[in-house]
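Here's the structure we're looking at; comments come further down.
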Amino acid sequence: MKTSLLKVAIGSLLSGGFLPFAFAQEFIQDLGSSTIEAEIQTQTLMEGLREDDDLKDGKLEREISTTIAETIRNEPDVAIRSMGPAAARPVIKGLSGSHVEVTEDGSISGDMSATSPDHAVASEVLTAQRLRVLRGPHILLHSYSAAGGVVQVERKDIPFSDSLFHGYVTWYAESGQPGYATAVGANAYAMGLSVKGELSGRRMGDMQTPDGKLKNTQIENSSGAVGAAYGIGQFRLGASYRWFDSDYGIPGGFIGGHPNGVDISLWKHDLTLRGLYQPSGAMHDTLDVTLRINRYHHKEFEGETVGAEFAVNQEDLRLEKIMANLGPLFGVRIGAELDSRSVEMGGYVFTPPTRSYGASLFAIASAGGWRGLEMTFSGRFGGAFFRPRESVVADKDAIEDRNFALWALEAEFSQRVGVGKFLTLDVFRTTRAPTIEELYNQGPHLAAYTYERGNHKLDAESGYGAEIEYRSYGELLSWRAAAHGTWFLNHLAPRASGDTNWSQLLPIYQVRGDEALLFGASASVQTVAELGLRASAAASYVRGIFRDANWGDMPQIPPFKFHGELGYIWKHLQASAYCDFALAQNFVDLYEEPTPGYFTAGAVLEIRWELALAKYSLVFRADNIFDADVRNHLSRLKSVMPEKGRNFSAMARVLF
Amino acid sequence: MKMIKTISLALLGIVLCAFFSACGDKNSVSTEQHEHFEVEGWNLYWSEWDLAYSVYRGKADTSLKALHVNANCMSEHIHVKFLDENKKEVAGPKDDEHSLGWDVGDKKILDIHWEGGWGFHLKGLKEGETTLILKVNHHDHADARTPEIRVVVDKALKAEECPFQEDEDED
């Protein structure tokens with residue numbers, strides 16, 4: 001029993017996720033001792049076990065798809081909001097938009113994907129080394145939205161490593177959206193200086209559905225990165241530059257959409273400067289300073305005309321101190337973050353140009369308690385400040401500076417209730433500042449077939465929630481089950497006002513804050529054997545209701561979904577078959593259409609081997625084998641066409 | 001060691017130069033936002049004075065007959081005026097950015113002849129009934145639109161039998 005638990009923990013530890021803690025290093029050094037388990041804090045083990053859920057290495061290779069959202073689609077509580085295959089963004093526990101932060105190497109991604117369903121996440125999934133859906137108190141290190149989550153994309157663009165030379169080549173192709181993607185990267189180290197270079201390209205055609213080709217869904221991406229790091233005594237300094245260019249199509253033909261669709265062309269440039277000060281020379285005692293300068297530009301072409309244009313200039317400075325121990329506390333991280341963001345719009349967009357600023361302090365620490373009960377507390381405190389400029393599209397009375405004081409807290413109580421059995425309870429306060437669209441937008445939203453009216457008098461969103469989770473790691477099976485609920489005192493969302501814009505003949509949706517209850521559950525189980533029979537299953541459910549006269553349903557809430565897999569693992573080969581199903585979603589908001597359920601099946605064949613200091617992986621997938629008609633409740637296109645039909649894909653990777 | 005430091009600084013410099021030369025401070029939008037023409041209703045007149053169709057805040061005046069035109073014939077000139085929030089008539093925009101647009105339900109039954117400005121003719125193609133949506137186009141979008149307007153195309157007439165002759169309008 002202990003061996004299984006240790007295996008899981010070791011796997012987590014070796015992933016590097018919680019190496020910062022001194023006791024973790026001691027744990028590694030003492031491997032083989034059965035008494036070690038008792039010396040590890042429950043919180044530390046829990047964090048490691050959670051990191052074991054991350055998509056990395058073979059697990060990432062198995063799941064990799066066109067976008068980040070598609071790749072993490074089978075993670076617990078995750079759904080996909082989309083408007084064509086390129087414009088897909090993760091939804092966590094039924095919350096989307098600015099409730100879900102996407103970070104790249106710990107810094108905010110800086111694109112416009114949270115603001116509209118036709119905006120893509122400006123990040124190439126094929127270059128990701130690890131994808132993580134951050135849960136629990138650590139969310140507050142990056143976001144105020146404890147009820148939502150953070151999707152972390154890790155690439156290590158600044159190569160703080162001393163590996164002499166390593167690299168990778170990845171190639172991906174599929175038939176469901178005929179095309180390919182390639183990424184190549186290499187790191188080198190000599191005399192204290194480490195460098196990284198990476199290039200990727202993606203060319204994919206129109207998506208094939210059971211009802212035929214969905215026109216104007218092509219994707220062309222290219223990205224690249226260069227990075228360098230150098231160590232001088234107790235200091236390590238690094239810089240990286242990443243660019244991402246994308247041209248993709250948004251199909252038309254649905255209510256409110258452009259008849260012939262829209263072609264979107266965007267680019268994003270990120271410059272990151274990072275410095276580490278390590279007085280003891282170890283990662284668990286580090287002062288980390290990161291400056292991210294981000295430029296994003298996005299044009300939407302409707303035929304030859306530019307229908308919409310966005311320019312974002314963002315700077316983010318983050319200071320963080322990591323300490324393994326501080327008196328009775330352990331796993332301590334304290335920091336501050338300052339950011340400045342300027343957003344300009346052009347064309348048929350009805351939000352005035354706005355500059356916003358953010359400042360926050362954050363901290364997390366764990367402590368031992370009564371009878372092995374451990375507690376982790378995290379908090380984020382700060383403010384958001386909006387400075388809109390006058391514009392012909394905005395109501396002059398609505399051009400008002402707004403300042404928001406924001407605070408979020410989370411406490412996690414964890415208890416080892418047996419060998420390899422953990423019970424945790426999280427209680428939190430969640431908040432977020434309104435977006436500039438929620439504050440100042442006044443105009444039609446063609447993608448949603450609504451006329452959206454912001455509200456410059458809005459208060460910050462706030463709510464209180466809890467999540468209880470049980471995890472069990474046994475000799476044969478590991479499983480987890482969790483239930484969560486959040487009571488929003490002021491949930492910000494555009495709601496039908498009952499009025500109509502008579503010029504456009506569109507229903508007016510007014511952004512307002514309402515009391516709302518969001519609750520749900522997820523569970524997963526999997527075998528732990530590294531050879532032989534392998535099985536796993538996962539299910540998620542969430543329900544959202546507004547506390548109004550009718551207890552009306554919240555819009556865009558994903559239905560119950562299930563993923564089950566059965567396979568066999570040989571030394572170099574793994575074969576599995578899987579099925580996915582979702583129930584119909586009939587809990588819908590006003591003007592929202594119900595969505596039927598679906599069932600799909602597929603198969604995966606993985607081959608891995610090592611030769612001449614290199615690791616080789618081949619993954620062949622057959623998804624939606626029966627060409628089922630899949631309608632995603634969170635897709636704007638569900639009324640026009642189903643999702644991707646039968647799809648054969650291949651992924652090849654060489655790590656050297 | 002000195003060489004390594006020099007290389008490090010050079011790399012950092014290259015990274016910074018690449019970034020600032022790639023975007024620098026030039027990242028701003030090149031497409032202007034435009035003020036949009038907002039109306040609450042539409043009045044359509046046969047030859048400027050005879051009210052043919054009226055809609056205000058989505059409700060059409062049901063006391064008026066449907067628009068009629070004979071197949072093979074052109075209708076009288078229809079002039080478009082707009083209603084503001086106080087139901088006062090206002091003229092359409094006179095700039096080059098706005099223009100009259102339309103969607104015909106069945107293009108085999110009805111066609112529109114636009115002569116510039118805020119006026120047009122119905123052209124009956126085939127006997128039957130269809131719908132017409134008028135729009136104020138602004139660049140590639142509609143700032144305003146009517147609900148579906150019922151148009152009846154009556155039996156075909158010979159050109160000389162049409163109640164309205166094109167040259168009458170020109171006069």
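Simple scheme: letters A, B, ... for chains in structure tokens order, numbers from 1 for residues in each chain, numbers from 1 for ligands in the order shown.
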Using only C-alpha atoms, determine which residues lie at most 6 Å from range 561-577 of chain A, disregarding the query and same-chain residues fewer than 6 positions distant; provide the list as a list in words. Leu531, Gly532, Leu533, Arg534, Ala535, Ser536, Ala537, Ala538, Ala539, Ser540, Gly602, Ala603, Val604, Leu605, Glu606, Ile607, Arg608 and Trp609 of chain A
Residue subset to file, keeping C-alpha atoms, as a short mmCIF file (atom, residue, chain, number, x, y, z; two decimals), in the first residue's frame:
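Dumped to part_3.cif:
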data_model
loop_
_atom_site.label_atom_id
_atom_site.label_comp_id
_atom_site.auth_asym_id
_atom_site.auth_seq_id
_atom_site.Cartn_x
_atom_site.Cartn_y
_atom_site.Cartn_z
CA LEU A 531 1.73 -2.62 -17.13
CA GLY A 532 -1.29 -4.70 -18.00
CA LEU A 533 -4.92 -3.70 -17.91
CA ARG A 534 -5.59 0.01 -17.67
CA ALA A 535 -8.97 1.64 -17.10
CA SER A 536 -10.14 5.12 -16.23
CA ALA A 537 -13.38 7.03 -16.02
CA ALA A 538 -14.30 10.62 -15.22
CA ALA A 539 -17.52 12.56 -14.99
CA SER A 540 -18.42 16.19 -14.32
CA GLY A 602 -12.64 6.26 -30.15
CA ALA A 603 -9.36 4.41 -29.86
CA VAL A 604 -5.76 5.32 -29.09
CA LEU A 605 -2.53 3.47 -29.89
CA GLU A 606 0.69 4.69 -28.29
CA ILE A 607 4.19 3.43 -29.06
CA ARG A 608 7.19 4.62 -27.08
CA TRP A 609 10.81 3.56 -27.06
#
As a list in words, list the residues of chain B assigned to alpha helix (DSSP H) by DSSP on the backbone atoms of this structure. Lys2, Met3, Ile4, Lys5, Thr6, Ile7, Ser8, Leu9, Ala10, Leu11, Leu12, Gly13, Ile14, Val15, Leu16, Cys17, Ala18, Phe19, Phe20, Ser21, Ala22, Glu166, Asp167, Glu168, Asp169 and Glu170 of chain B
Using only C-alpha atoms, what table do you get, as a tab-separated table, when you list each residue of chain B with an atom no more than 6 Å from chain A, its nearest pair of atoms, and their distance in Å rounded to one decimal, rows by chain then rising number?
residue	atom	partner	partner_atom	distance
B:Ser28	CA	A:Ala311	CA	5.3
B:Val29	CA	A:Ala311	CA	5.8
B:Thr31	CA	A:Gly346	CA	4.8
B:Glu32	CA	A:Gly346	CA	5.0
B:Gln33	CA	A:Gly346	CA	4.8
B:Glu35	CA	A:Val392	CA	5.2
B:Glu38	CA	A:Ser503	CA	5.5
B:Val39	CA	A:Ser503	CA	5.0
B:Glu40	CA	A:Trp502	CA	5.1
B:Arg57	CA	A:Trp502	CA	5.3
B:Ala144	CA	A:Ser503	CA	4.4
B:Arg145	CA	A:Gln504	CA	5.8
Leaving out Pro90 in chain A and any residue of its chain fewer than 4 positions from it, which residues lie within 12 Å of it when counting only C-alpha atoms, given as a ChimeraX atom specification? /A:67-82,94-102,113-114,117,120-121,131-133,148-152,558,634-635
Please produce a file of the residues just selected, as a compact mmCIF listing (two decimals), in the first residue's frame, where the atoms kept are N, CA and C atoms.
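What ended up in out_20.txt:
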# COMPACT_ATOMS: atom_id res chain seq x y z
N THR A 67 -6.15 22.83 -30.05
CA THR A 67 -6.05 24.00 -29.17
C THR A 67 -5.82 23.54 -27.73
N ILE A 68 -5.51 24.49 -26.89
CA ILE A 68 -5.32 24.18 -25.47
C ILE A 68 -6.63 23.64 -24.88
N ALA A 69 -7.74 24.29 -25.22
CA ALA A 69 -9.04 23.86 -24.67
C ALA A 69 -9.37 22.43 -25.10
N GLU A 70 -9.13 22.11 -26.35
CA GLU A 70 -9.40 20.76 -26.84
C GLU A 70 -8.51 19.74 -26.14
N THR A 71 -7.29 20.15 -25.86
CA THR A 71 -6.33 19.22 -25.26
C THR A 71 -6.69 18.89 -23.81
N ILE A 72 -7.25 19.85 -23.08
CA ILE A 72 -7.58 19.58 -21.67
C ILE A 72 -9.06 19.22 -21.48
N ARG A 73 -9.73 18.89 -22.58
CA ARG A 73 -11.18 18.69 -22.54
C ARG A 73 -11.62 17.59 -21.58
N ASN A 74 -10.75 16.61 -21.33
CA ASN A 74 -11.15 15.49 -20.46
C ASN A 74 -10.76 15.69 -19.01
N GLU A 75 -10.21 16.85 -18.68
CA GLU A 75 -9.88 17.13 -17.28
C GLU A 75 -11.18 17.35 -16.50
N PRO A 76 -11.19 17.02 -15.21
CA PRO A 76 -12.41 17.21 -14.42
C PRO A 76 -12.88 18.66 -14.43
N ASP A 77 -14.17 18.87 -14.56
CA ASP A 77 -14.83 20.18 -14.49
C ASP A 77 -14.51 21.10 -15.67
N VAL A 78 -13.88 20.57 -16.71
CA VAL A 78 -13.49 21.42 -17.84
C VAL A 78 -14.44 21.21 -19.02
N ALA A 79 -14.88 22.29 -19.62
CA ALA A 79 -15.68 22.25 -20.85
C ALA A 79 -15.06 23.23 -21.83
N ILE A 80 -15.63 23.29 -23.03
CA ILE A 80 -15.04 24.16 -24.07
C ILE A 80 -16.09 25.12 -24.59
N ARG A 81 -15.76 26.41 -24.52
CA ARG A 81 -16.57 27.42 -25.19
C ARG A 81 -15.95 27.64 -26.56
N SER A 82 -16.75 27.60 -27.62
CA SER A 82 -16.12 27.71 -28.94
C SER A 82 -17.01 28.41 -29.95
N GLY A 94 -18.21 25.54 -15.09
CA GLY A 94 -19.30 26.35 -15.65
C GLY A 94 -18.96 27.82 -15.79
N LEU A 95 -17.77 28.23 -15.40
CA LEU A 95 -17.39 29.64 -15.46
C LEU A 95 -16.43 29.86 -16.62
N SER A 96 -16.66 30.93 -17.36
CA SER A 96 -15.83 31.19 -18.54
C SER A 96 -15.36 32.64 -18.52
N GLY A 97 -14.88 33.09 -19.66
CA GLY A 97 -14.44 34.49 -19.79
C GLY A 97 -13.36 34.81 -18.78
N SER A 98 -13.53 35.96 -18.11
CA SER A 98 -12.47 36.40 -17.20
C SER A 98 -12.47 35.63 -15.88
N HIS A 99 -13.37 34.67 -15.71
CA HIS A 99 -13.28 33.78 -14.54
C HIS A 99 -12.14 32.77 -14.71
N VAL A 100 -11.71 32.59 -15.94
CA VAL A 100 -10.66 31.60 -16.22
C VAL A 100 -9.46 32.33 -16.81
N GLU A 101 -8.37 32.29 -16.08
CA GLU A 101 -7.15 32.96 -16.51
C GLU A 101 -6.27 31.95 -17.26
N VAL A 102 -5.68 32.37 -18.35
CA VAL A 102 -4.71 31.51 -19.03
C VAL A 102 -3.34 32.15 -18.85
N SER A 113 -8.97 36.65 -25.67
CA SER A 113 -9.83 35.47 -25.78
C SER A 113 -10.94 35.44 -24.74
N ALA A 114 -10.76 36.17 -23.63
CA ALA A 114 -11.80 36.13 -22.59
C ALA A 114 -12.99 37.02 -22.94
N PRO A 117 -16.57 35.10 -27.83
CA PRO A 117 -16.42 33.69 -28.21
C PRO A 117 -15.70 33.48 -29.53
N ALA A 120 -9.65 33.72 -30.35
CA ALA A 120 -8.89 32.52 -30.00
C ALA A 120 -7.90 32.80 -28.87
N VAL A 121 -7.53 31.75 -28.17
CA VAL A 121 -6.42 31.83 -27.22
C VAL A 121 -5.14 31.87 -28.05
N LEU A 131 0.48 21.30 -19.27
CA LEU A 131 -0.76 22.05 -19.12
C LEU A 131 -1.36 21.69 -17.77
N ARG A 132 -1.71 22.69 -17.03
CA ARG A 132 -2.22 22.42 -15.69
C ARG A 132 -3.48 23.26 -15.43
N VAL A 133 -4.49 22.60 -14.92
CA VAL A 133 -5.68 23.32 -14.45
C VAL A 133 -5.47 23.52 -12.95
N GLY A 148 -13.37 30.15 -10.20
CA GLY A 148 -13.05 29.69 -11.56
C GLY A 148 -11.76 28.89 -11.56
N GLY A 149 -10.78 29.40 -12.21
CA GLY A 149 -9.53 28.66 -12.21
C GLY A 149 -8.50 29.29 -13.11
N VAL A 150 -7.35 28.67 -13.13
CA VAL A 150 -6.24 29.15 -13.96
C VAL A 150 -5.74 27.97 -14.79
N VAL A 151 -5.59 28.19 -16.07
CA VAL A 151 -4.99 27.17 -16.93
C VAL A 151 -3.56 27.61 -17.22
N GLN A 152 -2.63 26.83 -16.72
CA GLN A 152 -1.22 27.20 -16.86
C GLN A 152 -0.59 26.45 -18.03
N PRO A 558 -22.33 24.01 -19.07
CA PRO A 558 -22.16 22.74 -19.79
C PRO A 558 -23.00 21.63 -19.16
N LEU A 634 -21.89 24.87 -25.53
CA LEU A 634 -21.19 26.15 -25.38
C LEU A 634 -20.64 26.67 -26.70
N SER A 635 -21.08 26.08 -27.82
CA SER A 635 -20.64 26.56 -29.12
C SER A 635 -21.73 27.41 -29.77
For Gly84 in chain A, please output as a list in words all residues within 10 Å (counting only C-alpha atoms; exclusion window: fewer than 6 positions along the same chain). Pro117, Asp118, Ala120, Asp206, Met207, Leu214, Lys215, Asn216, Thr217, Gln218, Tyr248, Gly249, Ile250, Pro251, Gly252, Ser635, Arg636, Leu637, Lys638, Met641, Glu643 and Lys644 of chain A
Of the residues A:Ile436, A:Val289, A:Leu618, A:Ala86, which is the one nearest to Thr115 in chain A, using only C-alpha atoms?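 Looking at the shortest contact to Thr115 in chain A, the residue is A:Ile436.
Shortest atom-to-atom contact with Pro147 in chain B among A:Asp111, A:Arg453, A:Asp395, A:Leu506: A:Leu506, counting only C-alpha atoms.
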Give me every strand (DSSP E) residue in range 68-140 of chain A, going by DSSP on the backbone, as a PDB file with N, CA and C atoms, in the first residue's frame.
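Printed below is result.pdb as written:
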ATOM      1  N   VAL A  78     -13.876  20.566 -16.713  1.00  0.00           N
ATOM      2  CA  VAL A  78     -13.488  21.420 -17.841  1.00  0.00           C
ATOM      3  C   VAL A  78     -14.441  21.207 -19.017  1.00  0.00           C
ATOM      4  N   ALA A  79     -14.883  22.292 -19.617  1.00  0.00           N
ATOM      5  CA  ALA A  79     -15.684  22.248 -20.849  1.00  0.00           C
ATOM      6  C   ALA A  79     -15.062  23.233 -21.834  1.00  0.00           C
ATOM      7  N   ILE A  80     -15.627  23.291 -23.033  1.00  0.00           N
ATOM      8  CA  ILE A  80     -15.040  24.156 -24.071  1.00  0.00           C
ATOM      9  C   ILE A  80     -16.092  25.124 -24.586  1.00  0.00           C
ATOM     10  N   ARG A  81     -15.759  26.406 -24.521  1.00  0.00           N
ATOM     11  CA  ARG A  81     -16.569  27.425 -25.195  1.00  0.00           C
ATOM     12  C   ARG A  81     -15.945  27.645 -26.562  1.00  0.00           C
ATOM     13  N   SER A  82     -16.747  27.604 -27.618  1.00  0.00           N
ATOM     14  CA  SER A  82     -16.118  27.709 -28.942  1.00  0.00           C
ATOM     15  C   SER A  82     -17.014  28.411 -29.951  1.00  0.00           C
ATOM     16  N   ALA A  88     -11.499  28.343 -29.404  1.00  0.00           N
ATOM     17  CA  ALA A  88     -11.939  27.475 -28.315  1.00  0.00           C
ATOM     18  C   ALA A  88     -11.225  27.903 -27.043  1.00  0.00           C
ATOM     19  N   ARG A  89     -11.982  28.041 -25.961  1.00  0.00           N
ATOM     20  CA  ARG A  89     -11.377  28.491 -24.696  1.00  0.00           C
ATOM     21  C   ARG A  89     -11.915  27.631 -23.560  1.00  0.00           C
ATOM     22  N   PRO A  90     -11.077  27.306 -22.584  1.00  0.00           N
ATOM     23  CA  PRO A  90     -11.555  26.440 -21.506  1.00  0.00           C
ATOM     24  C   PRO A  90     -12.597  27.122 -20.618  1.00  0.00           C
ATOM     25  N   VAL A  91     -13.520  26.321 -20.153  1.00  0.00           N
ATOM     26  CA  VAL A  91     -14.528  26.728 -19.174  1.00  0.00           C
ATOM     27  C   VAL A  91     -14.317  25.810 -17.969  1.00  0.00           C
ATOM     28  N   ILE A  92     -14.251  26.394 -16.783  1.00  0.00           N
ATOM     29  CA  ILE A  92     -13.992  25.590 -15.576  1.00  0.00           C
ATOM     30  C   ILE A  92     -15.169  25.727 -14.627  1.00  0.00           C
ATOM     31  N   VAL A 100     -11.713  32.590 -15.942  1.00  0.00           N
ATOM     32  CA  VAL A 100     -10.663  31.603 -16.223  1.00  0.00           C
ATOM     33  C   VAL A 100      -9.458  32.330 -16.806  1.00  0.00           C
ATOM     34  N   GLU A 101      -8.373  32.289 -16.076  1.00  0.00           N
ATOM     35  CA  GLU A 101      -7.146  32.956 -16.515  1.00  0.00           C
ATOM     36  C   GLU A 101      -6.275  31.945 -17.258  1.00  0.00           C
ATOM     37  N   VAL A 102      -5.684  32.367 -18.351  1.00  0.00           N
ATOM     38  CA  VAL A 102      -4.712  31.505 -19.029  1.00  0.00           C
ATOM     39  C   VAL A 102      -3.341  32.153 -18.853  1.00  0.00           C
ATOM     40  N   THR A 103      -2.409  31.411 -18.278  1.00  0.00           N
ATOM     41  CA  THR A 103      -1.066  31.965 -18.088  1.00  0.00           C
ATOM     42  C   THR A 103      -0.057  31.163 -18.897  1.00  0.00           C
ATOM     43  N   GLU A 104       0.981  31.849 -19.321  1.00  0.00           N
ATOM     44  CA  GLU A 104       2.086  31.201 -20.035  1.00  0.00           C
ATOM     45  C   GLU A 104       3.354  31.432 -19.220  1.00  0.00           C
ATOM     46  N   SER A 107       2.942  33.969 -16.441  1.00  0.00           N
ATOM     47  CA  SER A 107       2.485  35.338 -16.709  1.00  0.00           C
ATOM     48  C   SER A 107       1.208  35.313 -17.534  1.00  0.00           C
ATOM     49  N   ILE A 108       0.410  36.353 -17.369  1.00  0.00           N
ATOM     50  CA  ILE A 108      -0.880  36.413 -18.058  1.00  0.00           C
ATOM     51  C   ILE A 108      -0.678  36.396 -19.565  1.00  0.00           C
ATOM     52  N   ARG A 130       3.786  21.445 -20.516  1.00  0.00           N
ATOM     53  CA  ARG A 130       2.872  20.993 -19.476  1.00  0.00           C
ATOM     54  C   ARG A 130       1.649  21.896 -19.456  1.00  0.00           C
ATOM     55  N   LEU A 131       0.481  21.300 -19.267  1.00  0.00           N
ATOM     56  CA  LEU A 131      -0.760  22.053 -19.119  1.00  0.00           C
ATOM     57  C   LEU A 131      -1.358  21.688 -17.766  1.00  0.00           C
ATOM     58  N   ARG A 132      -1.708  22.693 -17.033  1.00  0.00           N
ATOM     59  CA  ARG A 132      -2.225  22.423 -15.694  1.00  0.00           C
ATOM     60  C   ARG A 132      -3.476  23.257 -15.435  1.00  0.00           C
ATOM     61  N   VAL A 133      -4.490  22.605 -14.922  1.00  0.00           N
ATOM     62  CA  VAL A 133      -5.677  23.324 -14.445  1.00  0.00           C
ATOM     63  C   VAL A 133      -5.468  23.523 -12.951  1.00  0.00           C
ATOM     64  N   LEU A 134      -5.146  24.755 -12.593  1.00  0.00           N
ATOM     65  CA  LEU A 134      -4.799  25.048 -11.206  1.00  0.00           C
ATOM     66  C   LEU A 134      -6.044  25.039 -10.336  1.00  0.00           C
TER      67      LEU A 134
END
Rank A:Leu373, A:Ile399, A:Ala336, A:Ala622 by their smallest atom-to-atom distance to His142 in chain A, using only C-alpha atoms, and report the top residue only.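 Using only C-alpha atoms, the shortest distance to His142 in chain A belongs to A:Ala336.
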Interatomic distance (Å, one decimal) between CA of Tyr473 in chain A and CA of His284 in chain A: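 Going from CA of Tyr473 in chain A over to CA of His284 in chain A covers 27.0 Å.
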Quick one: everything within 7 Å of Gly465 in chain A, counting only C-alpha atoms, minus sequence neighbours fewer than 3 positions away in the same chain. Send it as a PyMOL selection string. chain A and resi 427-429+485-487
Restrict the selected residues to C-alpha atoms and save them as a tab-separated table (two decimals), in the first residue's frame.
chain	number	residue	atom	x	y	z
A	427	VAL	CA	-13.67	27.56	1.63
A	428	PHE	CA	-13.13	30.73	-0.30
A	429	ARG	CA	-14.21	34.21	-1.18
A	485	GLY	CA	-20.72	25.24	-4.66
A	486	THR	CA	-20.41	29.01	-4.98
A	487	TRP	CA	-22.95	31.55	-3.88
Point-to-point distance in Å for CA of Arg432 in chain A and CA of Ser462 in chain A: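 Those two atoms sit 6.8 Å apart.
The nearest approach to Glu89 in chain B among the residues B:Val153, B:Val55, B:Cys162, B:Leu110, with only C-alpha atoms taken into account, belongs to B:Val55.
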When you look at Leu134 in chain B with a cut-off of 6 Å (counting only C-alpha atoms), what residues show up, excluding the ones that are within fewer than 6 positions of it in the same chain? I need them as a short mmCIF file (atom, residue, chain, number, x, y, z; two decimals) with N, CA and C atoms, in the first residue's frame.
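Below you can see result33.cif, which holds the result:
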data_model
loop_
_atom_site.label_atom_id
_atom_site.label_comp_id
_atom_site.auth_asym_id
_atom_site.auth_seq_id
_atom_site.Cartn_x
_atom_site.Cartn_y
_atom_site.Cartn_z
N GLY B 101 -29.86 49.70 -47.93
CA GLY B 101 -29.65 48.29 -48.26
C GLY B 101 -30.95 47.54 -48.12
N TRP B 102 -31.01 46.32 -48.63
CA TRP B 102 -32.26 45.55 -48.56
C TRP B 102 -31.99 44.06 -48.67
N ARG B 145 -32.52 48.51 -39.27
CA ARG B 145 -33.24 47.63 -40.20
C ARG B 145 -34.72 47.65 -39.87
N THR B 146 -35.54 47.36 -40.87
CA THR B 146 -36.98 47.25 -40.63
C THR B 146 -37.31 45.80 -40.30
#
Considering only C-alpha atoms, return as a PDB file with C-alpha atoms, in the first residue's frame whatever protein or nucleic-acid residues lie within 6 Å of Leu477 in chain A, sequence-local ones (same chain, fewer than 2 positions apart) excluded.
ATOM      1  CA  GLY A 474      -4.598   2.352  -3.516  1.00  0.00           C
ATOM      2  CA  GLN A 526      -8.178   5.013 -12.721  1.00  0.00           C
ATOM      3  CA  THR A 527      -6.058   1.929 -12.356  1.00  0.00           C
ATOM      4  CA  VAL A 528      -2.509   2.503 -11.175  1.00  0.00           C
TER       5      VAL A 528
END
Two-atom distance - CA of Glu129 in chain B, CA of Asp106 in chain B (Å): 8.4 Å
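Closest approach to Phe362 in chain A from the set A:Leu141, A:Leu49, A:Ala398, A:Leu199 is made by A:Leu141, with distances taken over only C-alpha atoms.
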